[in-house]
Amino acid sequence: MEPLRGDETTVGETTVVARGCRLDDAPVRAVLETDARPRFFWAAGTESIAARGSAATVTADGQSRFDDVRTAVEALFADCSVPDDLPSVARPRAFGGFAFHNGTHEGEDSPWDGFPSAAFFLPEIQVTRRDDDAWLTTVATGPEAATEAETLLEEWRDRLVADSERNPGTPPGISHRKRTPTQDGWREQVAAATESIDRGELQKVVLAQSLSATLDAELSVPDVMARLSKTYPDCYRFMLSPDSGGTFFGATPERLVSVRGRTVRTEALAGSTGRGDTPAEDEWLAAELLDSEKDRHEQKLVADAIRDQLKPFASTVRIGDRTVRRLATVQHLRTSITAELDDDEHVLSLVEALHPTPAVGGLPPDAALRTIRETEAFDRGWYAAPIGWVDAAGNGTFAVGIRSAVATEREATLFAGAGIVADSDPDREWDEVQLKYRPILDELE
Ligand SMILES: C=C(O[C@H]1C=CC=C(C(=O)O)[C@@H]1O)C(=O)O
């Protein structure tokens, strides 16, 4: 065994050891270009992270899944020995997410086979880039953890230096597609939902569609991630391949929540319109959206619900002005929401409190979730659910997994939804859903 360094005086009791070093560059693709599982990629703002291999995995199911994950992840980090001089950006994080609904889906041939109700992993290899800084972090477990983490560090430092820029490829093409539901079926679903709203059983429900595509060539999700960094640079770009099954990926504009110390940031994003062909048309559409009573109502329900969901944690919740969030193919109404926590809270407690917001579920929550389950003929899986990371201090960021798909090499299933309120028009909502497929569809066809 190699000589122990610094923090390893406690290695006798420690089962998890992390090591880290600075890199000249962070070729995150090199970490993803393998068959290694699990794999995770995350890019938000000026930070991107690629992770692979599991030093430890946490899965959970049922009503208590958020709590169970939080307890297990906290225990894992409590046992983890990290060099004192490793900066926070390079400290190990646990990456993962949740299924939209509680409970596993047992359906045959589901694209979600291999995706538990909740799954997180502490990666063996984590490469982080923030602004011009790049870091490699390795984690190992067991009696030889310190030696193994150092060996991994040396091995991967050499591997990553040797990596060069890659061509991000081209979309594979689509030979066959199947929509669920059909447009007629959708009209019936939306009519049934608006009738429930008229009867006072619901205020809002977000109904989704799925689009299964057979691909002409093998799909490289790391390539898709590289291309999405050009088209959706301001979105959360993510990909997760669990131990088995397909890969879930997307470019979502919606943050569920981030926690740094006692500061909480979230947002209410709802109400949509398209992009214009000219800047003037864009402005006109944005003004129309800001003026639309139906969209303002749809978005206000989300902002009010988030404020109420945060109330037990924070005496003051600040809601910003309503603005228009403009993306490559669609525009949304948005308000930023910030709060200072009254006490220290783990990010997963906030995730549990907020998921699902009425931007992807509805109101009242239970009636909306029941309507979604009874209406949608497919499993949402991890679509519209929290995906992100958590660190040893309980900080973390989670995005809402929309504008997303789950794919194997030759099949991709895309998901997109629309908020249905009293005066929703089924055909306009249909068109809106088609716009929301675009970020991923454009990368496939
Ligand atoms: C449910 C989705 O979008 C949500 C987020 C923004 C705007 C939405 C809307 O206008 O309906 C949805 O609430 C989706 O993209 O699948």
# chains A, B, ... in the order shown; residues from 1 in each chain; ligands from 1
call {"tool": "select_by_dssp", "arguments": {"residues": "region 42-245 of chain A", "states": "strand (DSSP E)", "output": "tab-separated table (two decimals) with N, CA, C and O atoms, in the first residue's frame"}}
result
chain	number	residue	atom	x	y	z
A	42	TRP	N	-23.82	16.64	-17.23
A	42	TRP	CA	-24.64	17.76	-16.76
A	42	TRP	C	-23.94	19.04	-17.18
A	42	TRP	O	-22.72	19.17	-17.00
A	43	ALA	N	-24.65	19.96	-17.78
A	43	ALA	CA	-24.06	21.26	-18.11
A	43	ALA	C	-25.07	22.33	-17.79
A	43	ALA	O	-26.24	22.25	-18.19
A	44	ALA	N	-24.63	23.32	-17.04
A	44	ALA	CA	-25.52	24.42	-16.65
A	44	ALA	C	-24.66	25.66	-16.49
A	44	ALA	O	-23.68	25.62	-15.73
A	47	GLU	N	-20.71	25.70	-15.92
A	47	GLU	CA	-20.21	24.46	-15.33
A	47	GLU	C	-20.66	23.25	-16.14
A	47	GLU	O	-21.82	23.16	-16.53
A	48	SER	N	-19.75	22.33	-16.39
A	48	SER	CA	-20.17	21.04	-16.96
A	48	SER	C	-19.45	19.92	-16.23
A	48	SER	O	-18.32	20.07	-15.77
A	49	ILE	N	-20.17	18.81	-16.11
A	49	ILE	CA	-19.65	17.67	-15.34
A	49	ILE	C	-19.92	16.39	-16.12
A	49	ILE	O	-21.02	16.21	-16.64
A	50	ALA	N	-18.91	15.54	-16.19
A	50	ALA	CA	-19.12	14.21	-16.74
A	50	ALA	C	-18.69	13.21	-15.67
A	50	ALA	O	-17.67	13.43	-15.00
A	51	ALA	N	-19.46	12.16	-15.52
A	51	ALA	CA	-19.16	11.19	-14.47
A	51	ALA	C	-19.43	9.79	-14.99
A	51	ALA	O	-20.34	9.58	-15.80
A	52	ARG	N	-18.66	8.83	-14.51
A	52	ARG	CA	-18.89	7.44	-14.93
A	52	ARG	C	-18.42	6.47	-13.85
A	52	ARG	O	-17.57	6.80	-13.02
A	53	GLY	N	-18.99	5.27	-13.91
A	53	GLY	CA	-18.63	4.23	-12.96
A	53	GLY	C	-19.16	4.57	-11.58
A	53	GLY	O	-19.25	5.73	-11.21
A	54	SER	N	-19.54	3.55	-10.85
A	54	SER	CA	-20.13	3.82	-9.54
A	54	SER	C	-19.25	3.31	-8.41
A	54	SER	O	-18.94	2.13	-8.34
A	55	ALA	N	-18.87	4.24	-7.51
A	55	ALA	CA	-18.22	3.82	-6.27
A	55	ALA	C	-19.31	3.35	-5.30
A	55	ALA	O	-19.07	2.47	-4.48
A	56	ALA	N	-20.47	3.95	-5.40
A	56	ALA	CA	-21.62	3.55	-4.57
A	56	ALA	C	-22.90	3.99	-5.25
A	56	ALA	O	-22.95	5.07	-5.85
A	57	THR	N	-23.93	3.15	-5.17
A	57	THR	CA	-25.21	3.45	-5.82
A	57	THR	C	-26.33	3.41	-4.79
A	57	THR	O	-26.31	2.58	-3.88
A	58	VAL	N	-27.28	4.31	-4.93
A	58	VAL	CA	-28.43	4.34	-4.04
A	58	VAL	C	-29.68	4.27	-4.90
A	58	VAL	O	-29.83	5.06	-5.83
A	59	THR	N	-30.57	3.33	-4.62
A	59	THR	CA	-31.85	3.32	-5.31
A	59	THR	C	-32.97	3.28	-4.27
A	59	THR	O	-32.74	2.85	-3.14
A	60	ALA	N	-34.14	3.76	-4.63
A	60	ALA	CA	-35.26	3.75	-3.69
A	60	ALA	C	-36.56	3.73	-4.46
A	60	ALA	O	-36.61	4.08	-5.65
A	80	CYS	N	-17.20	9.63	3.77
A	80	CYS	CA	-16.28	9.89	2.66
A	80	CYS	C	-15.13	10.80	3.11
A	80	CYS	O	-15.36	11.92	3.58
A	81	SER	N	-13.92	10.32	2.92
A	81	SER	CA	-12.75	11.12	3.27
A	81	SER	C	-12.28	11.89	2.04
A	81	SER	O	-11.94	11.29	1.02
A	93	ARG	N	-19.69	14.55	-5.87
A	93	ARG	CA	-21.13	14.78	-5.79
A	93	ARG	C	-21.84	13.47	-6.14
A	93	ARG	O	-21.27	12.62	-6.82
A	94	ALA	N	-23.07	13.35	-5.71
A	94	ALA	CA	-23.90	12.21	-6.12
A	94	ALA	C	-24.84	12.71	-7.20
A	94	ALA	O	-25.44	13.78	-7.06
A	95	PHE	N	-24.95	11.94	-8.28
A	95	PHE	CA	-25.75	12.35	-9.43
A	95	PHE	C	-26.92	11.38	-9.60
A	95	PHE	O	-26.75	10.19	-9.43
A	96	GLY	N	-28.06	11.90	-10.01
A	96	GLY	CA	-29.17	11.00	-10.24
A	96	GLY	C	-30.49	11.72	-10.37
A	96	GLY	O	-30.54	12.93	-10.61
A	97	GLY	N	-31.55	10.96	-10.18
A	97	GLY	CA	-32.87	11.55	-10.34
A	97	GLY	C	-33.95	10.60	-9.92
A	97	GLY	O	-33.69	9.54	-9.32
A	98	PHE	N	-35.16	10.99	-10.26
A	98	PHE	CA	-36.36	10.29	-9.80
A	98	PHE	C	-37.29	10.04	-10.99
A	98	PHE	O	-37.25	10.79	-11.97
A	118	ALA	N	-35.99	5.88	-8.10
A	118	ALA	CA	-35.00	6.87	-7.71
A	118	ALA	C	-33.65	6.20	-7.82
A	118	ALA	O	-33.50	5.05	-7.39
A	119	ALA	N	-32.68	6.85	-8.41
A	119	ALA	CA	-31.34	6.25	-8.51
A	119	ALA	C	-30.29	7.35	-8.48
A	119	ALA	O	-30.39	8.33	-9.22
A	120	PHE	N	-29.32	7.19	-7.61
A	120	PHE	CA	-28.19	8.12	-7.50
A	120	PHE	C	-26.90	7.32	-7.45
A	120	PHE	O	-26.91	6.20	-6.96
A	121	PHE	N	-25.84	7.89	-7.95
A	121	PHE	CA	-24.55	7.23	-7.78
A	121	PHE	C	-23.46	8.24	-7.47
A	121	PHE	O	-23.52	9.39	-7.88
A	122	LEU	N	-22.49	7.74	-6.68
A	122	LEU	CA	-21.29	8.49	-6.37
A	122	LEU	C	-20.26	7.96	-7.36
A	122	LEU	O	-19.88	6.79	-7.28
A	123	PRO	N	-19.84	8.78	-8.33
A	123	PRO	CA	-19.05	8.21	-9.42
A	123	PRO	C	-17.60	7.90	-9.04
A	123	PRO	O	-17.02	8.57	-8.17
A	124	GLU	N	-17.04	6.92	-9.74
A	124	GLU	CA	-15.60	6.64	-9.60
A	124	GLU	C	-14.79	7.76	-10.25
A	124	GLU	O	-13.74	8.14	-9.76
A	125	ILE	N	-15.31	8.26	-11.37
A	125	ILE	CA	-14.61	9.29	-12.13
A	125	ILE	C	-15.55	10.48	-12.32
A	125	ILE	O	-16.66	10.32	-12.83
A	126	GLN	N	-15.09	11.64	-11.92
A	126	GLN	CA	-15.89	12.86	-12.08
A	126	GLN	C	-14.97	13.93	-12.66
A	126	GLN	O	-13.93	14.24	-12.08
A	127	VAL	N	-15.36	14.46	-13.80
A	127	VAL	CA	-14.57	15.54	-14.42
A	127	VAL	C	-15.45	16.78	-14.44
A	127	VAL	O	-16.56	16.76	-14.97
A	128	THR	N	-14.95	17.84	-13.85
A	128	THR	CA	-15.75	19.06	-13.70
A	128	THR	C	-15.02	20.22	-14.37
A	128	THR	O	-13.82	20.39	-14.18
A	129	ARG	N	-15.77	20.97	-15.14
A	129	ARG	CA	-15.20	22.20	-15.68
A	129	ARG	C	-16.07	23.37	-15.20
A	129	ARG	O	-17.30	23.32	-15.29
A	130	ARG	N	-15.44	24.38	-14.64
A	130	ARG	CA	-16.18	25.60	-14.31
A	130	ARG	C	-15.34	26.77	-14.81
A	130	ARG	O	-14.19	26.90	-14.40
A	133	ASP	N	-11.49	26.55	-15.23
A	133	ASP	CA	-10.90	25.56	-14.32
A	133	ASP	C	-11.40	24.16	-14.64
A	133	ASP	O	-12.58	23.98	-14.91
A	134	ALA	N	-10.50	23.18	-14.56
A	134	ALA	CA	-10.92	21.81	-14.82
A	134	ALA	C	-10.35	20.90	-13.74
A	134	ALA	O	-9.18	21.06	-13.32
A	135	TRP	N	-11.15	19.95	-13.31
A	135	TRP	CA	-10.75	19.06	-12.22
A	135	TRP	C	-11.14	17.63	-12.51
A	135	TRP	O	-12.20	17.37	-13.10
A	136	LEU	N	-10.27	16.71	-12.04
A	136	LEU	CA	-10.60	15.29	-12.04
A	136	LEU	C	-10.74	14.85	-10.59
A	136	LEU	O	-9.89	15.17	-9.76
A	137	THR	N	-11.83	14.13	-10.30
A	137	THR	CA	-12.04	13.61	-8.95
A	137	THR	C	-12.29	12.11	-9.07
A	137	THR	O	-13.05	11.68	-9.95
A	138	THR	N	-11.65	11.34	-8.21
A	138	THR	CA	-11.91	9.90	-8.22
A	138	THR	C	-12.39	9.47	-6.84
A	138	THR	O	-12.02	10.08	-5.83
A	139	VAL	N	-13.20	8.43	-6.81
A	139	VAL	CA	-13.72	7.92	-5.53
A	139	VAL	C	-13.60	6.40	-5.55
A	139	VAL	O	-13.90	5.75	-6.56
A	140	ALA	N	-13.16	5.83	-4.44
A	140	ALA	CA	-13.14	4.37	-4.31
A	140	ALA	C	-13.64	4.00	-2.92
A	140	ALA	O	-13.66	4.83	-2.01
A	141	THR	N	-14.05	2.74	-2.78
A	141	THR	CA	-14.58	2.27	-1.49
A	141	THR	C	-13.85	1.01	-1.05
A	141	THR	O	-13.17	0.36	-1.86
A	174	ILE	N	-34.63	9.48	-38.91
A	174	ILE	CA	-35.74	8.70	-38.35
A	174	ILE	C	-36.44	7.96	-39.48
A	174	ILE	O	-36.82	8.57	-40.48
A	175	SER	N	-36.62	6.64	-39.33
A	175	SER	CA	-37.30	5.89	-40.39
A	175	SER	C	-38.77	5.67	-40.07
A	175	SER	O	-39.58	5.47	-40.96
A	176	HIS	N	-39.12	5.71	-38.81
A	176	HIS	CA	-40.51	5.44	-38.45
A	176	HIS	C	-40.84	6.15	-37.16
A	176	HIS	O	-39.98	6.24	-36.28
A	177	ARG	N	-42.07	6.70	-37.05
A	177	ARG	CA	-42.43	7.35	-35.78
A	177	ARG	C	-43.87	7.01	-35.39
A	177	ARG	O	-44.72	6.80	-36.26
A	178	LYS	N	-44.10	6.95	-34.12
A	178	LYS	CA	-45.43	6.63	-33.60
A	178	LYS	C	-45.78	7.60	-32.48
A	178	LYS	O	-45.01	7.75	-31.53
A	179	ARG	N	-46.94	8.26	-32.65
A	179	ARG	CA	-47.35	9.24	-31.64
A	179	ARG	C	-48.41	8.66	-30.73
A	179	ARG	O	-49.35	8.01	-31.19
A	180	THR	N	-48.29	8.91	-29.46
A	180	THR	CA	-49.31	8.53	-28.48
A	180	THR	C	-49.67	9.76	-27.67
A	180	THR	O	-48.79	10.35	-27.06
A	204	LYS	N	-56.02	22.82	-13.10
A	204	LYS	CA	-55.06	22.70	-14.21
A	204	LYS	C	-54.49	21.29	-14.20
A	204	LYS	O	-54.26	20.73	-13.12
A	205	VAL	N	-54.25	20.74	-15.39
A	205	VAL	CA	-53.52	19.47	-15.47
A	205	VAL	C	-52.58	19.52	-16.67
A	205	VAL	O	-52.95	20.04	-17.72
A	206	VAL	N	-51.36	19.04	-16.47
A	206	VAL	CA	-50.40	19.00	-17.59
A	206	VAL	C	-50.45	17.61	-18.21
A	206	VAL	O	-50.07	16.63	-17.57
A	207	LEU	N	-50.98	17.55	-19.42
A	207	LEU	CA	-51.07	16.27	-20.12
A	207	LEU	C	-49.90	16.16	-21.09
A	207	LEU	O	-49.54	17.14	-21.76
A	208	ALA	N	-49.34	14.96	-21.17
A	208	ALA	CA	-48.16	14.78	-22.03
A	208	ALA	C	-48.46	13.81	-23.17
A	208	ALA	O	-49.47	13.10	-23.16
A	209	GLN	N	-47.59	13.86	-24.15
A	209	GLN	CA	-47.64	12.92	-25.29
A	209	GLN	C	-46.28	12.25	-25.39
A	209	GLN	O	-45.29	12.76	-24.88
A	210	SER	N	-46.26	11.10	-26.09
A	210	SER	CA	-44.95	10.49	-26.37
A	210	SER	C	-44.82	10.24	-27.86
A	210	SER	O	-45.82	10.08	-28.57
A	211	LEU	N	-43.59	10.27	-28.30
A	211	LEU	CA	-43.28	10.07	-29.73
A	211	LEU	C	-42.13	9.07	-29.80
A	211	LEU	O	-41.02	9.36	-29.35
A	212	SER	N	-42.46	7.87	-30.32
A	212	SER	CA	-41.41	6.84	-30.43
A	212	SER	C	-40.83	6.89	-31.83
A	212	SER	O	-41.58	6.86	-32.82
A	213	ALA	N	-39.53	6.93	-31.92
A	213	ALA	CA	-38.86	7.05	-33.22
A	213	ALA	C	-37.89	5.90	-33.41
A	213	ALA	O	-37.10	5.59	-32.51
A	214	THR	N	-37.98	5.26	-34.59
A	214	THR	CA	-36.99	4.27	-34.96
A	214	THR	C	-35.91	4.99	-35.75
A	214	THR	O	-36.22	5.73	-36.70
A	215	LEU	N	-34.66	4.81	-35.37
A	215	LEU	CA	-33.58	5.60	-35.95
A	215	LEU	C	-32.90	4.87	-37.09
A	215	LEU	O	-32.79	3.64	-37.11
A	236	TYR	N	-30.41	23.56	-19.06
A	236	TYR	CA	-29.72	22.47	-18.37
A	236	TYR	C	-29.66	21.31	-19.35
A	236	TYR	O	-30.70	20.81	-19.78
A	237	ARG	N	-28.45	20.92	-19.70
A	237	ARG	CA	-28.29	19.77	-20.61
A	237	ARG	C	-27.85	18.57	-19.78
A	237	ARG	O	-26.91	18.69	-19.00
A	238	PHE	N	-28.57	17.48	-19.92
A	238	PHE	CA	-28.28	16.34	-19.04
A	238	PHE	C	-28.37	15.03	-19.79
A	238	PHE	O	-29.09	14.93	-20.79
A	239	MET	N	-27.65	14.05	-19.30
A	239	MET	CA	-27.80	12.68	-19.79
A	239	MET	C	-27.47	11.74	-18.64
A	239	MET	O	-26.56	12.01	-17.86
A	240	LEU	N	-28.26	10.69	-18.53
A	240	LEU	CA	-27.99	9.70	-17.49
A	240	LEU	C	-28.25	8.31	-18.03
A	240	LEU	O	-29.33	8.04	-18.56
A	241	SER	N	-27.24	7.46	-17.96
A	241	SER	CA	-27.41	6.05	-18.29
A	241	SER	C	-27.27	5.28	-16.98
A	241	SER	O	-26.18	5.27	-16.40
call {"tool": "residues_near_ligand", "arguments": {"ligand": "ligand 1", "cutoff": "9 Å", "atoms": "only C-alpha atoms and all ligand atoms", "output": "JSON, numbers by chain"}}
result
{"A": [206, 207, 208, 209, 252, 253, 254, 268, 269, 270, 271, 272, 273, 295, 298, 299, 302, 331, 332, 333, 334, 357, 358, 359, 360, 361, 362, 383, 384, 400, 401, 402, 403, 404, 415, 416, 417, 418, 419, 420, 429, 432, 433, 435, 436, 437]}
call {"tool": "residues_around", "arguments": {"residues": "Gly173 (chain A)", "least_positions_apart": "6", "cutoff": "10 Å", "atoms": "only C-alpha atoms", "output": "list of chain:residue names"}}
result
A:Ala213, A:Thr214, A:Leu215, A:Asp216, A:Ala217, A:Glu218, A:Leu219, A:Leu441, A:Asp442, A:Glu443, A:Leu444, A:Glu445
call {"tool": "closest_residue", "arguments": {"among": "A:Arg262, A:Arg199, A:Arg70, A:Lys230", "to": "Ala339 (chain A)", "atoms": "only C-alpha atoms"}}
result
A:Arg262
call {"tool": "closest_residue", "arguments": {"among": "A:Ala193, A:Val69, A:Leu414, A:Ala303", "to": "Asp379 (chain A)", "atoms": "only C-alpha atoms"}}
result
A:Leu414
call {"tool": "select_by_dssp", "arguments": {"residues": "region 182-304 of chain A", "states": "alpha helix (DSSP H)", "output": "MDAnalysis selection string"}}
result
chainID A and resid 183:198 221:231 279:291 293:304
call {"tool": "residues_around", "arguments": {"residues": "region 390-398 of chain A", "least_positions_apart": "2", "cutoff": "7 Å", "atoms": "only C-alpha atoms", "output": "list in words"}}
result
Glu74, Phe77, Pro92, Arg93, Ala94, Phe95, Arg255, Leu256, Val257, Ser258, Val259, Arg260, Gly261, His346, Val347, Pro386, Ile387, Gly388 and Val400 of chain A
call {"tool": "residues_around", "arguments": {"residues": "Asp425 (chain A)", "least_positions_apart": "3", "cutoff": "10 Å", "atoms": "only C-alpha atoms", "output": "list in words"}}
result
Arg187, Val190, Ala191, Thr194, Ile420, Val421, Ala422, Arg428, Glu429 and Trp430 of chain A
call {"tool": "closest_residue", "arguments": {"among": "A:Glu154, A:Asp223, A:Asp321, A:Asp423", "to": "Pro171 (chain A)", "atoms": "only C-alpha atoms"}}
result
A:Asp223
